Every structure is written in C-alpha cells, then in structure tokens.
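*Asks:* One file: upload.cif (mmCIF, C-alpha atoms and all ligand atoms).
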```cif
data_upload
#
loop_
_atom_site.label_atom_id
_atom_site.label_comp_id
_atom_site.auth_asym_id
_atom_site.auth_seq_id
_atom_site.Cartn_x
_atom_site.Cartn_y
_atom_site.Cartn_z
CA MET Q 1 17.87 -23.12 -1.77
CA PHE Q 2 20.05 -20.40 -0.23
CA ASN Q 3 18.65 -21.01 3.19
CA ILE Q 4 21.14 -22.63 5.51
CA LEU Q 5 19.10 -25.23 7.45
CA ASN Q 6 16.03 -23.85 5.66
CA LYS Q 7 16.31 -20.57 7.51
CA MET Q 8 15.10 -17.36 5.96
CA ASN Q 9 17.90 -14.98 4.96
CA ILE Q 10 17.69 -11.83 7.07
CA THR Q 11 19.77 -9.02 5.62
CA LYS Q 12 20.49 -5.52 6.81
CA THR Q 13 22.83 -4.24 4.14
CA ILE Q 14 22.35 -3.53 0.44
CA LYS Q 15 25.56 -5.43 -0.35
CA GLU Q 16 24.56 -8.75 1.23
CA THR Q 17 21.02 -8.48 -0.19
CA LYS Q 18 22.36 -7.96 -3.70
CA GLU Q 19 24.74 -10.91 -3.31
CA ILE Q 20 21.97 -13.33 -2.29
CA ILE Q 21 19.67 -12.13 -5.07
CA LYS Q 22 22.50 -12.44 -7.59
CA ARG Q 23 23.06 -16.06 -6.54
CA ALA Q 24 19.34 -16.84 -6.88
CA LYS Q 25 19.24 -15.28 -10.33
CA SER Q 26 22.38 -17.07 -11.46
CA LYS Q 27 20.52 -20.36 -10.81
CA GLY Q 28 17.78 -19.17 -13.15
CA LEU Q 29 15.24 -18.69 -10.34
CA SER Q 30 12.33 -16.32 -10.93
CA THR Q 31 12.15 -13.59 -8.28
CA GLY Q 32 9.18 -11.98 -6.56
CA PHE Q 33 9.31 -9.06 -4.15
CA VAL Q 34 6.93 -7.61 -1.57
CA PRO Q 35 8.02 -4.22 -0.18
CA THR Q 36 6.46 -3.38 3.20
CA MET Q 37 6.85 -1.10 6.18
CA GLY Q 38 6.33 -4.04 8.54
CA ALA Q 39 3.58 -4.56 11.13
CA LEU Q 40 2.54 -7.33 8.81
CA HIS Q 41 -1.14 -8.24 8.68
CA LYS Q 42 -3.11 -10.78 6.66
CA GLY Q 43 -3.13 -8.44 3.67
CA HIS Q 44 0.68 -8.48 3.50
CA LEU Q 45 0.77 -12.22 4.08
CA GLU Q 46 -1.54 -12.72 1.10
CA LEU Q 47 0.94 -10.77 -1.05
CA ILE Q 48 3.75 -13.05 0.14
CA ARG Q 49 1.64 -16.17 -0.51
CA LYS Q 50 0.83 -15.01 -4.03
CA ALA Q 51 4.47 -14.16 -4.66
CA LYS Q 52 5.49 -17.62 -3.39
CA ASN Q 53 3.00 -19.27 -5.75
CA GLU Q 54 4.26 -17.36 -8.75
CA ASN Q 55 8.05 -17.20 -8.16
CA ASP Q 56 10.91 -19.47 -7.14
CA PHE Q 57 12.59 -16.97 -4.82
CA VAL Q 58 10.64 -14.41 -2.78
CA SER Q 59 12.04 -11.40 -0.93
CA CYS Q 60 10.29 -8.97 1.33
CA SER Q 61 11.56 -5.68 2.71
CA ILE Q 62 10.64 -4.09 6.02
CA PHE Q 63 11.53 -0.43 6.08
CA VAL Q 64 9.54 2.39 7.65
CA ASN Q 65 10.46 4.96 5.05
CA PRO Q 66 10.75 8.34 6.81
CA ILE Q 67 10.59 10.42 3.64
CA GLN Q 68 7.06 9.29 2.79
CA PHE Q 69 5.64 10.54 6.11
CA ASN Q 70 4.46 14.12 6.09
CA ASN Q 71 3.38 13.82 9.71
CA LYS Q 72 6.13 13.30 12.33
CA GLU Q 73 3.70 11.88 14.87
CA ASP Q 74 2.49 9.24 12.38
CA LEU Q 75 6.12 8.22 11.70
CA LYS Q 76 6.89 8.02 15.43
CA LYS Q 77 3.76 5.99 16.18
CA TYR Q 78 4.12 3.63 13.22
CA PRO Q 79 4.09 0.10 14.73
CA ARG Q 80 7.39 -1.82 14.50
CA PRO Q 81 6.82 -5.38 15.82
CA ILE Q 82 9.91 -6.70 14.06
CA GLU Q 83 10.28 -10.09 15.84
CA ASP Q 84 6.66 -10.88 15.16
CA ASP Q 85 7.04 -9.90 11.49
CA ILE Q 86 10.10 -12.15 11.05
CA LYS Q 87 8.17 -15.09 12.56
CA LYS Q 88 5.26 -14.57 10.15
CA LEU Q 89 7.61 -14.43 7.16
CA GLU Q 90 9.43 -17.56 8.30
CA GLU Q 91 6.11 -19.39 8.57
CA LEU Q 92 5.39 -18.54 4.95
CA ALA Q 93 8.86 -19.72 3.91
CA CYS Q 94 9.78 -16.30 2.56
CA ASP Q 95 13.34 -16.65 1.23
CA LEU Q 96 14.79 -13.29 2.21
CA VAL Q 97 13.81 -10.33 4.31
CA PHE Q 98 15.74 -7.10 3.91
CA ILE Q 99 15.56 -4.87 7.00
CA PRO Q 100 17.80 -1.86 6.35
CA SER Q 101 18.42 1.08 8.65
CA VAL Q 102 17.61 4.63 7.57
CA GLU Q 103 21.38 5.29 7.18
CA GLU Q 104 21.74 2.27 4.91
CA MET Q 105 18.96 3.48 2.61
CA TYR Q 106 19.77 7.19 2.83
CA PRO Q 107 23.48 7.71 3.57
CA GLU Q 108 22.72 11.22 2.42
CA PRO Q 109 19.37 12.89 1.72
CA ASP Q 110 17.82 11.85 -1.59
CA THR Q 111 16.84 14.88 -3.62
CA THR Q 112 15.14 13.13 -6.56
CA ILE Q 113 11.89 14.80 -7.57
CA TYR Q 114 9.46 12.85 -9.71
CA ASN Q 115 6.58 14.31 -11.64
CA PHE Q 116 3.53 12.10 -11.88
CA GLY Q 117 1.19 14.85 -13.12
CA ASN Q 118 -2.43 14.55 -12.01
CA LEU Q 119 -1.83 11.18 -10.36
CA GLU Q 120 0.06 12.84 -7.50
CA LYS Q 121 -2.09 15.97 -7.23
CA VAL Q 122 -5.34 14.39 -6.07
CA MET Q 123 -6.53 12.58 -2.93
CA GLU Q 124 -3.54 11.19 -0.98
CA GLY Q 125 -1.18 13.36 -3.03
CA LYS Q 126 -3.16 16.51 -2.25
CA HIS Q 127 -3.53 15.77 1.46
CA ARG Q 128 -0.06 14.31 2.08
CA PRO Q 129 2.36 16.59 0.23
CA GLY Q 130 5.60 14.80 -0.69
CA HIS Q 131 4.19 11.40 0.22
CA PHE Q 132 4.24 9.87 -3.25
CA ASN Q 133 7.64 11.31 -4.06
CA GLY Q 134 8.92 9.55 -0.94
CA VAL Q 135 7.21 6.31 -1.98
CA ALA Q 136 8.63 6.53 -5.51
CA VAL Q 137 12.17 7.24 -4.23
CA VAL Q 138 12.19 4.26 -1.88
CA VAL Q 139 10.49 1.84 -4.30
CA LYS Q 140 13.01 2.77 -7.03
CA LYS Q 141 15.89 2.19 -4.56
CA LEU Q 142 14.41 -1.14 -3.43
CA PHE Q 143 13.84 -2.29 -7.03
CA ASP Q 144 17.47 -1.40 -7.84
CA ILE Q 145 18.65 -3.54 -4.92
CA VAL Q 146 16.32 -6.53 -5.30
CA GLU Q 147 15.84 -6.40 -9.10
CA PRO Q 148 12.61 -8.41 -8.91
CA GLY Q 149 10.89 -9.98 -11.90
CA ARG Q 150 7.54 -9.30 -10.22
CA SER Q 151 6.52 -7.05 -7.35
CA TYR Q 152 3.24 -7.24 -5.44
CA PHE Q 153 1.10 -4.33 -4.18
CA GLY Q 154 -2.31 -4.21 -2.52
CA GLU Q 155 -5.22 -2.40 -4.16
CA LYS Q 156 -6.18 -0.78 -0.85
CA ASP Q 157 -3.48 1.78 -1.70
CA PHE Q 158 -4.92 2.22 -5.17
CA GLN Q 159 -3.29 5.57 -5.86
CA GLN Q 160 0.10 4.26 -4.70
CA LEU Q 161 -0.32 1.36 -7.10
CA ALA Q 162 -1.03 3.82 -9.94
CA ILE Q 163 2.08 5.85 -9.01
CA ILE Q 164 4.28 2.75 -8.93
CA LYS Q 165 2.97 1.58 -12.32
CA ALA Q 166 3.74 5.07 -13.66
CA LEU Q 167 7.24 5.01 -12.10
CA VAL Q 168 8.07 1.65 -13.65
CA LYS Q 169 6.80 2.84 -17.03
CA LYS Q 170 8.65 6.17 -16.82
CA LEU Q 171 11.98 4.54 -15.89
CA LYS Q 172 11.41 1.49 -18.11
CA MET Q 173 12.17 -0.83 -15.19
CA PRO Q 174 11.96 -4.52 -16.09
CA VAL Q 175 9.57 -5.46 -13.29
CA GLU Q 176 5.98 -6.63 -13.56
CA ILE Q 177 3.72 -4.89 -11.05
CA VAL Q 178 1.12 -7.33 -9.74
CA PRO Q 179 -1.96 -5.70 -8.17
CA CYS Q 180 -3.61 -7.75 -5.41
CA PRO Q 181 -7.17 -7.35 -4.06
CA THR Q 182 -7.73 -5.67 -0.70
CA ILE Q 183 -7.94 -8.17 2.13
CA ARG Q 184 -10.66 -7.40 4.66
CA GLU Q 185 -11.61 -8.39 8.19
CA LYS Q 186 -14.83 -10.44 8.45
CA ASP Q 187 -16.81 -7.24 9.07
CA GLY Q 188 -15.39 -5.57 5.95
CA LEU Q 189 -12.72 -3.31 7.45
CA ALA Q 190 -9.75 -3.19 5.09
CA MET Q 191 -6.66 -4.72 6.71
CA SER Q 192 -4.11 -2.05 7.62
CA SER Q 193 -1.16 -1.79 9.96
CA ARG Q 194 -2.87 1.28 11.41
CA ASN Q 195 -5.95 -0.71 12.53
CA ARG Q 196 -4.08 -1.85 15.62
CA ARG Q 197 -4.05 1.76 16.83
CA LEU Q 198 -7.86 1.96 16.93
CA THR Q 199 -9.52 1.90 20.36
CA ALA Q 200 -12.13 -0.83 20.95
CA ASP Q 201 -14.95 1.66 20.32
CA GLU Q 202 -13.35 2.98 17.14
CA ARG Q 203 -12.71 -0.55 15.90
CA GLU Q 204 -16.39 -1.33 16.35
CA ILE Q 205 -17.58 1.46 14.07
CA ALA Q 206 -14.68 1.30 11.56
CA PRO Q 207 -16.53 -1.14 9.17
CA VAL Q 208 -19.06 1.64 8.47
CA ILE Q 209 -16.56 3.06 5.97
CA TYR Q 210 -16.63 -0.02 3.75
CA MET Q 211 -20.39 -0.51 4.24
CA ALA Q 212 -20.98 3.02 2.92
CA LEU Q 213 -18.53 2.45 0.04
CA LYS Q 214 -20.34 -0.74 -0.96
CA ASP Q 215 -23.65 1.14 -0.95
CA VAL Q 216 -22.01 3.82 -3.11
CA SER Q 217 -21.04 1.24 -5.74
CA LYS Q 218 -24.64 -0.01 -5.85
CA LEU Q 219 -26.26 3.43 -5.81
CA ALA Q 220 -24.13 4.59 -8.75
CA SER Q 221 -26.40 2.79 -11.23
CA GLY Q 222 -29.45 4.89 -10.24
CA LYS Q 223 -28.10 8.15 -8.85
CA ASN Q 224 -25.79 10.92 -9.99
CA VAL Q 225 -22.31 11.66 -8.60
CA LYS Q 226 -23.52 14.43 -6.25
CA GLU Q 227 -26.30 12.25 -4.80
CA VAL Q 228 -23.89 9.39 -4.24
CA LYS Q 229 -21.36 11.69 -2.56
CA ASP Q 230 -24.09 13.20 -0.33
CA TYR Q 231 -25.14 9.70 0.67
CA TYR Q 232 -21.58 8.81 1.74
CA PHE Q 233 -21.19 12.00 3.80
CA GLN Q 234 -24.58 11.39 5.45
CA GLN Q 235 -23.72 7.82 6.43
CA LEU Q 236 -20.37 8.68 8.00
CA GLY Q 237 -21.81 11.90 9.43
CA LYS Q 238 -23.79 9.73 11.86
CA TYR Q 239 -20.53 9.05 13.72
CA PRO Q 240 -18.98 12.14 15.32
CA GLN Q 241 -15.70 10.24 15.80
CA MET Q 242 -15.29 10.06 11.99
CA LYS Q 243 -13.86 12.96 10.02
CA ILE Q 244 -13.81 12.51 6.27
CA GLU Q 245 -10.62 13.97 4.82
CA TYR Q 246 -11.70 13.28 1.26
CA PHE Q 247 -14.15 11.22 -0.70
CA GLU Q 248 -13.57 11.28 -4.44
CA ILE Q 249 -15.03 9.45 -7.39
CA SER Q 250 -12.37 9.19 -10.06
CA ASN Q 251 -11.63 7.67 -13.43
CA ILE Q 252 -9.94 4.35 -12.71
CA GLU Q 253 -7.20 4.93 -15.29
CA ASP Q 254 -5.93 8.46 -14.60
CA LEU Q 255 -7.73 9.29 -11.33
CA SER Q 256 -9.28 12.42 -12.85
CA PRO Q 257 -12.59 13.42 -11.19
CA VAL Q 258 -15.72 11.77 -12.58
CA GLU Q 259 -18.65 14.09 -13.15
CA LYS Q 260 -21.05 11.56 -14.61
CA PHE Q 261 -21.24 7.78 -14.25
CA GLU Q 262 -20.92 6.09 -17.64
CA LYS Q 263 -21.44 2.46 -18.53
CA GLU Q 264 -18.24 1.96 -20.52
CA LYS Q 265 -16.01 3.75 -18.02
CA LYS Q 266 -15.02 2.17 -14.72
CA SER Q 267 -14.56 4.57 -11.85
CA ILE Q 268 -13.25 4.24 -8.33
CA ALA Q 269 -14.54 5.79 -5.11
CA CYS Q 270 -11.65 6.52 -2.75
CA THR Q 271 -11.74 7.89 0.76
CA ALA Q 272 -9.56 8.83 3.71
CA VAL Q 273 -11.21 9.06 7.10
CA PHE Q 274 -9.84 10.01 10.49
CA LEU Q 275 -11.30 7.75 13.11
CA GLY Q 276 -10.13 9.45 16.28
CA LYS Q 277 -6.39 9.92 15.64
CA VAL Q 278 -6.08 7.07 13.14
CA ARG Q 279 -6.24 7.80 9.44
CA LEU Q 280 -7.82 5.03 7.40
CA ILE Q 281 -8.11 4.76 3.62
CA ASP Q 282 -10.29 2.52 1.50
CA ASN Q 283 -11.84 2.34 -1.96
CA VAL Q 284 -14.36 0.53 -4.07
CA ILE Q 285 -14.57 0.08 -7.82
CA ILE Q 286 -17.73 1.32 -9.54
CA ASN Q 287 -18.58 -0.73 -12.60
CA LEU Q 288 -22.10 -0.06 -13.88
O1 LIG Z 301 2.68 0.45 1.02
C1 LIG Z 301 3.68 0.51 1.76
O2 LIG Z 301 3.79 -0.20 2.77
C2 LIG Z 301 4.78 1.51 1.43
O3 LIG Z 301 4.27 2.66 0.89
C3 LIG Z 301 5.88 0.91 0.52
C4 LIG Z 301 5.34 0.54 -0.84
C5 LIG Z 301 6.49 -0.29 1.20
C6 LIG Z 301 6.98 1.96 0.32
O4 LIG Z 301 7.54 2.35 1.52
#
```
Mind turning this structure into structure tokens?
Ligand code: PAF
*Replies:*
Amino acid sequence: MFNILNKMNITKTIKETKEIIKRAKSKGLSTGFVPTMGALHKGHLELIRKAKNENDFVSCSIFVNPIQFNNKEDLKKYPRPIEDDIKKLEELACDLVFIPSVEEMYPEPDTTIYNFGNLEKVMEGKHRPGHFNGVAVVVKKLFDIVEPGRSYFGEKDFQQLAIIKALVKKLKMPVEIVPCPTIREKDGLAMSSRNRRLTADEREIAPVIYMALKDVSKLASGKNVKEVKDYYFQQLGKYPQMKIEYFEISNIEDLSPVEKFEKEKKSIACTAVFLGKVRLIDNVIINL
C-alpha cells in the first residue's frame, strides 16, 4: 500500500522508517517485524512468510550489530550479501526493509546495562560475555523505531528468545513475541547464516550435531542426565574437527540446569559446537 509501483521500501534512516510505519499504522494496518543481521536463509524467509500471513504490513531490519559480537574476527567475517538479501525480501513482498549504518543506530556508544539474572549467565551468556546485553540494546532500539504489533524470532536461538521475552516483559513493551520453529536442511542441520562458512568436509559432518541431539531427546526417557550427556560427548567425540563449547540440559522456562528428567517438566538440550572455525548452535526439546 505504501509501495510505489509495488516496490519494497528500503530505508536507511530512523526518521524515514518511523514515517512509513506511522503511515501504515494510521491506516489501521497490523504490523509485523523480523529483525535480522542479514545473510538471509530459509529460516529467516519462513519468519517473513509467517509475519506476512499474520500482519498487513511487514518490516524487516538488516543490521550486523557490532555490540553483540564478543569476537572481532566473527564480526569481520559475518557475511553481508546485501543485494541478495534485498532480492529475497522483494520476492516475499516484504513491505519495508530497514538497513541502518552503525552511526545511525549508535551515534554515541550505548551504555545501557540490562540484568536478566540466570537467563544471561548460562550457555551463550557464559561463553559470549556481553552478547545478550548487545542483543537486548539493539532489539529495544529497533522495537522503538518500528513499534511492531508482533515480532518473530527463531527457536534455534532459544536463549535469545528467552532474553527477548524477558526484555519485553521487563519494559512492558506492547509487542507480541512470536517464537518460530527451527528450519533445517534436509539432513537436519539447523539453518544458520554461519553455515555458508563451513568447508565442504565440515558441511558433510555438521548434521551429526542434530542427529546426536535427537538421540538425546529419545534417550532421556530411559537414562539419567549424566548418561545422556556422556552419550552426546561420545558421539561428537568421533569427529576431531568438532569441539563442544557447551552442552547443557536446562529447564525450558528459566534455563536452570536440570539434574533429573521429570515427566511434568519439559527441558531443553542446548549446545554450541566449533566445527573448524565456525561456531554452530542448536537445541532440542526433551518432553518425556
Ligand atoms: O538473531 C539475530 O539475528 C540477532 O541477534 C538480532 C535478533 C537480529 C539482533 O541483532
């Protein structure tokens, strides 16, 4: 409706983004939003599709957020195929894509410090200090700009999803967070922008991570937590190229460690694995 000749709006500034969103809202359109760091894969495109099905006006952002990277090399190597991304979004009839510069988002350093308690102390939070604070800062900024009714996040980043739900609750932001299932390649590998950095040999063995996780979710009904963890380490241990950074079994609500599987309590097995230089994360829900 705001697309001249049905073209997607491509914005670079906060001001023009806000103006377009304001016009959409003034027409009574419902608004969905998919924040991304680009290098869009099928997982992202599913989020856009879902947002398109559930909202009248859908925006997406592409911003490689420097303050959520605790590793300079990872930030430098993060893929940025911007023309390709724009084409994919146009094909899905996304209504607006916001592609700000670092200066636009951070004219001066943002010093906000959030406290998410245990949620930020375990797994990704423990191994990537400052990461979730950086995610929370940018998501809050993006929500303030786009003011979406709904925002869509993949369950592959399960801990990020928990942090964002906590952020929205803490700040009483009027946005519904919509969790979306992990999208996988045919062989089970979770879709990720980082997959494109795997060598052919690494790509071939990468599905082992999800295979082992699936076994873990089955084994949980007959074995204890230690046995299940040992199994996972043994399976990945067969591949010298794989280095497990963590493998945790946690309560699905607060991500506290699970010591015993219980029927009434869902848990989640989460892992981060270095395959060569590429860090992959994945998870599986354990529901006895
Ligand atoms: O999941 C991501 O791609 C990023 O962490 C997000 C949510 C876009 C914030 O930069």
*Asks:* Find the residue from Q:Met37, Q:Leu255, Q:Ile177, Q:Ala93 that sits nearest to Leu119 (chain Q); use all atoms listed in the file when measuring.
*Replies:*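 Comparing Q:Met37, Q:Leu255, Q:Ile177, Q:Ala93 against Leu119 (chain Q), the winner is Q:Leu255.
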*Asks:* To check your reading of the model: which residues sit at most 6 Å from ligand LIG 301 (chain Z) when counting only C-alpha atoms and all ligand atoms? Write the answer as a list in words.
*Replies:*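 If we count only C-alpha atoms and all ligand atoms, the neighbours of ligand LIG 301 (chain Z) turn out to be Pro35, Thr36, Met37, Asn65, Val135 and Val139 of chain Q.
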*Asks:* In terms of the shortest atom-to-atom distance over all atoms listed in the file, which of Q:Ile285, Q:Ala51, Q:Val138, Q:Ile252 is closest to Gln68 (chain Q)?
*Replies:*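 Smallest distance to Gln68 (chain Q) is found for Q:Val138.
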*Asks:* Applying 8 Å and all atoms listed in the file, which residues near region 126-129 of chain Q remain after dropping the ones on its own chain fewer than 4 positions away? List them as a PyMOL selection string.
*Replies:* chain Q and resi 69-70+120-122
*Asks:* Report the distance between CA of Leu89 (chain Q) and CA of Gly38 (chain Q) in Å, rounded to one decimal place.
*Replies:*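 That distance, rounded to one decimal, is 10.6 Å.
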*Asks:* Quick one: everything within 12 Å of Leu45 (chain Q), counting all atoms listed in the file, minus sequence neighbours fewer than 4 positions away in the same chain. Send it as number ranges by chain.
*Replies:* Q: 34-36, 38-41, 49-52, 60, 85-94, 152-154, 180, 182-183, 191-192
*Asks:* Can you work out which one of Q:Asn55, Q:Lys7, Q:Gly237, Q:Lys72 has the shortest atom-to-atom distance to Ser30 (chain Q), counting only C-alpha atoms?
*Replies:*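 Among Q:Asn55, Q:Lys7, Q:Gly237, Q:Lys72, it is Q:Asn55 that comes nearest to Ser30 (chain Q).
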*Asks:* Just checking: using only C-alpha atoms, which residue out of Q:Lys170, Q:Asp95, Q:Leu288, Q:Ser61 ends up closest to Asn115 (chain Q)?
*Replies:*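 Among the listed residues, the smallest separation from Asn115 (chain Q) belongs to Q:Lys170.
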*Asks:* CA of Leu171 (chain Q) and CA of Gly125 (chain Q) are how many Å apart?
*Replies:* 20.4 Å
*Asks:* Expressed in Å to a single decimal, how great is the separation between CA of Gln160 (chain Q) and CA of Phe132 (chain Q)?
*Replies:*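 Distance reported for this atom pair: 7.1 Å.
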*Asks:* Within 9 Å of (-9.7, -1.0, 3.1) (file coordinates; only C-alpha atoms), which protein or nucleic acid residues are there? I'd like them as a ChimeraX atom specification.
*Replies:* /Q:155-157,182-184,188-192,209-210,280-284
*Asks:* Would you mind telling me which residue in Q:Lys223, Q:Arg150, Q:Lys229, Q:Lys238 lies nearest to Ile205 (chain Q) when using all atoms listed in the file?
*Replies:*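 Under the stated criterion, the closest residue is Q:Lys238.
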*Asks:* Identify the residues within 7 Å of coordinate (7.1, -6.5, -8.7) (same frame as the file), considering only C-alpha atoms, and give the answer as a ChimeraX atom specification.
*Replies:* /Q:32-33,148-152,175-178
*Asks:* Using all atoms listed in the file, which protein or nucleic acid residues come within 8 Å of Lys265 (chain Q)? Drop anything in the same chain fewer than 4 positions from it, and give the result as a ChimeraX atom specification.
*Replies:* /Q:251,261,287
*Asks:* Taking only C-alpha atoms into account, which of Q:Ile244, Q:Leu236, Q:Ile21, Q:Val137 comes nearest Ile163 (chain Q)?
*Replies:*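 That would be Q:Val137, the residue with the smallest distance to Ile163 (chain Q).
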*Asks:* Which residues come within 12 Å of Glu262 (chain Q), counting only C-alpha atoms, excluding same-chain residues fewer than 4 positions away, as a tab-separated table (two decimals) with C-alpha atoms, in the frame of the given file?
*Replies:*
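Contents of part34.tsv, freshly written:
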```tsv
chain	number	residue	atom	x	y	z
Q	220	ALA	CA	-24.13	4.59	-8.75
Q	221	SER	CA	-26.40	2.79	-11.23
Q	222	GLY	CA	-29.45	4.89	-10.24
Q	223	LYS	CA	-28.10	8.15	-8.85
Q	224	ASN	CA	-25.79	10.92	-9.99
Q	225	VAL	CA	-22.31	11.66	-8.60
Q	250	SER	CA	-12.37	9.19	-10.06
Q	251	ASN	CA	-11.63	7.67	-13.43
Q	258	VAL	CA	-15.72	11.77	-12.58
Q	266	LYS	CA	-15.02	2.17	-14.72
Q	267	SER	CA	-14.56	4.57	-11.85
Q	286	ILE	CA	-17.73	1.32	-9.54
Q	287	ASN	CA	-18.58	-0.73	-12.60
Q	288	LEU	CA	-22.10	-0.06	-13.88
```
